[in-house]
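What follows is a short report on a single structure.
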Amino acid sequence: MNTLGVALVGHAFMGAVHSHAWRTVGRVFDLPVRPEMVVLCGRRKDAVHEDAARFGWAEASDDWKAVLLRDDVHVVDICTPGDSHAEIATSALEAGKHVLCEKPLANSVAEAVAMAEAADRARRSGIQAMVGFNYRRVPALALARELIEQGRLGQIRHVRAQYLQDWLVDPRAPLTWRLQAERAGSGALGDLGAHLVDLAQFLVGDDIISVCGLVDTFVPERPLVDDAERTGPVTVDDAALFTARFRDGALGTFEATRYATGRKNGLRIEINGSTGSLAFDFESMNELSFHDATEPAGTAGFRRILATEPDHPYLSAWYPPGHLLGYEHTFTHQLRDLLIAIASRTTPSPDFAAGLRVQRVLDAVQRSAAHHSRWIPVEEASR
Ligand code: SOE
């Protein structure tokens, strides 16, 4: 069996989650290739060595550029803040490495365009690139996609999507990189809204063509990370709300916030079609609610599907029905799909073109918000 050497760049929250998935994927799924955890990269020498040992990487490096020159590295997984995605991804693709890049793909449309172009060039020589929209790999949501694809919802009319967190409610929470535009690109919009946009377009199989948005920053100054006595400006949105039109006529409402007191990771989505509806909340991620409006009205109603049956997406490799999966499994599924795509020389989904489409929608929302919430066609945002 072929072996693929992996380098992971970044070792904070996402680096730890991805490491777990790399450790697990080959032990759970039957794969045509075997991933090998070659090297973990990070800027802080001591910390990256410590984390490499803890997370199961054979080596550590504080120089990702040197790692790209290695013949035993075939895949580069990027888990750094958004300001370095474009440089690392395009360099890796040019060096002939397959790339997995965390979402949002980039901090701007221009960067995302360059990345999608680099991915197109690389694909011609069998090199693949994927964006890490992990929620597509929640079994209940992959099942939702299957039901919609089968036409069980009929004509899609509404997409209602919310991503609710509350970790910024306390005004004393520090000014981390996620609150700085030059590092993160945007705030709740890019961090949480990006997931919603990707998921909505993936589930309904349709693109958002225009948006009308509103963003706000509730706490404009926060304590510095290394000196709580001093404060600095928050330069990203704390909350982003927008309405959207899909090409085939569906209407969408979207809300992304870090101020939904009591909501920890409430990614909710409800889709209403002419013959049925689906509803999902990540805080109960093994469940999908389905209403089939073609059933007799007397007994129809939302039913709770526990998406843990062996014939549900990804489940045949896991535990018996009812033995629930969690957040980390979505990342293991993501790697399964990436490795199968690489081995079969097919384009993984979502590819960088899909990441670019999301970026264009985010950009359109920002432009709309900056222009008194006027409607912005997504194409206009992309120019
Ligand atoms: C932080 O808000 C965060 O970790 C996001 O960056 C992730 O993409 C999301 O899955 C959970 O929340």
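The way I read the labels, and the way they are meant: chains A, B, ... in the order of the structure tokens, residue 1 as the first residue of every chain, and ligand 1 as the first ligand shown, with later ones counted on from there.
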Step by step, measure atom-to-atom distances between ligand 1 and each residue using only C-alpha atoms and all ligand atoms, keep those at most 8 Å, then write them as a PyMOL selection string. chain A and resi 13-14+103+133-135+165+188+191-192+195+258+265
Identify, with DSSP run on backbone atoms, the residues in range 302-365 of chain A assigned to alpha helix (DSSP H), and express the list as a CSV table (one decimal) with C-alpha atoms, in the first residue's frame.
```csv
chain,number,residue,atom,x,y,z
A,327,TYR,CA,-16.9,16.9,16.9
A,328,GLU,CA,-13.6,15.1,16.2
A,329,HIS,CA,-15.2,12.5,14.0
A,330,THR,CA,-16.1,15.1,11.4
A,331,PHE,CA,-12.4,15.8,10.9
A,332,THR,CA,-11.6,12.1,10.6
A,333,HIS,CA,-14.3,11.8,7.9
A,334,GLN,CA,-12.8,14.8,6.2
A,335,LEU,CA,-9.4,13.1,6.0
A,336,ARG,CA,-11.0,9.9,4.8
A,337,ASP,CA,-12.6,11.8,1.9
A,338,LEU,CA,-9.4,13.7,1.1
A,339,LEU,CA,-7.2,10.5,1.1
A,340,ILE,CA,-9.7,8.7,-1.2
A,341,ALA,CA,-9.7,11.6,-3.6
A,342,ILE,CA,-5.9,11.8,-3.7
A,343,ALA,CA,-5.6,8.0,-4.3
A,344,SER,CA,-8.2,8.0,-7.0
A,352,PHE,CA,-10.6,25.6,-3.5
A,353,ALA,CA,-13.1,26.8,-6.1
A,354,ALA,CA,-15.8,26.1,-3.5
A,355,GLY,CA,-13.8,27.9,-0.8
A,356,LEU,CA,-13.5,30.9,-3.2
A,357,ARG,CA,-17.3,30.9,-3.8
A,358,VAL,CA,-17.8,31.1,0.0
A,359,GLN,CA,-15.2,33.9,0.2
A,360,ARG,CA,-17.1,35.9,-2.5
A,361,VAL,CA,-20.3,35.6,-0.4
A,362,LEU,CA,-18.5,36.8,2.7
A,363,ASP,CA,-17.1,39.7,0.8
A,364,ALA,CA,-20.5,40.6,-0.6
A,365,VAL,CA,-21.9,40.7,3.0
```
For Ala58 in chain A, which of A:His74, A:Arg245, A:Arg23, A:Arg123 is the closest residue, counting only C-alpha atoms?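 Distance minimum relative to Ala58 in chain A lands on A:Arg23.
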I'd like to know which of A:Gly276, A:Glu283, A:Leu141, A:Val225 is closest to Gly301 in chain A, using only C-alpha atoms.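 Nearest to Gly301 in chain A: A:Gly276.
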Rank A:Gln180, A:Ser19, A:Ser84, A:Gln162 by their smallest atom-to-atom distance to Phe55 in chain A, using only C-alpha atoms, and report the top residue only. A:Ser19
Using only C-alpha atoms, the residue out of A:Glu94, A:Asp238, A:Asp72, A:Glu102 with shortest distance to Met130 in chain A is A:Glu102
Quick one: residues within 7 Å of range 106-112 of chain A, only C-alpha atoms, excluding same-chain residues fewer than 5 positions away - as a list in words?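 My reading of the contact set: Gly82, Asp83, His85, Ala86, Ala184, Gly185, Leu356, Gln359, Arg360 and Ser382 of chain A.
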Dump as a short mmCIF file (atom, residue, chain, number, x, y, z; two decimals), in the first residue's frame, selection limited to C-alpha atoms:
```
data_model
loop_
_atom_site.label_atom_id
_atom_site.label_comp_id
_atom_site.auth_asym_id
_atom_site.auth_seq_id
_atom_site.Cartn_x
_atom_site.Cartn_y
_atom_site.Cartn_z
CA GLY A 82 -6.03 33.04 7.85
CA ASP A 83 -3.26 35.54 7.13
CA HIS A 85 -3.18 30.41 4.29
CA ALA A 86 -2.48 31.89 0.84
CA ALA A 184 -8.30 36.66 10.81
CA GLY A 185 -9.76 38.63 7.89
CA LEU A 356 -13.51 30.87 -3.23
CA GLN A 359 -15.21 33.94 0.17
CA ARG A 360 -17.12 35.89 -2.49
CA SER A 382 -15.94 39.10 -6.75
#
```
Measuring atom to atom with only C-alpha atoms, identify which of A:Val138, A:Ile376, A:Leu306, A:Leu8 is nearest to His98 in chain A.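 Closest residue, counting only C-alpha atoms: A:Leu8.
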Minimum-distance residue to Thr235 in chain A, chosen among A:Leu179, A:Leu288, A:Ala95, A:Leu196 (using only C-alpha atoms):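 Residue with the minimum atom-to-atom distance to Thr235 in chain A: A:Leu179.
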Tell me, as JSON, numbers by chain, which residues lie within 12 Å of Lys264 in chain A, counting only C-alpha atoms; anything in the same chain fewer than 2 positions away does not count. {"A": [163, 164, 165, 166, 167, 168, 169, 257, 258, 259, 260, 261, 262, 266, 267, 268, 281, 282, 283, 284]}
Pull the strand (DSSP E) assignments for range 65-233 of chain A out of DSSP run on the backbone, and list those residues as a PyMOL selection string. chain A and resi 75-78+98-102+129-132+156-164+208-216+221-224+227-233
Pairwise distance for CA of Asp46 in chain A and CA of Leu100 in chain A, rounded to one decimal in Å: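 CA of Leu100 in chain A lies 25.1 Å from CA of Asp46 in chain A.
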If I take CA of Ala47 in chain A and CA of Cys101 in chain A, how far is one from the other in Å, to one decimal? 21.8 Å
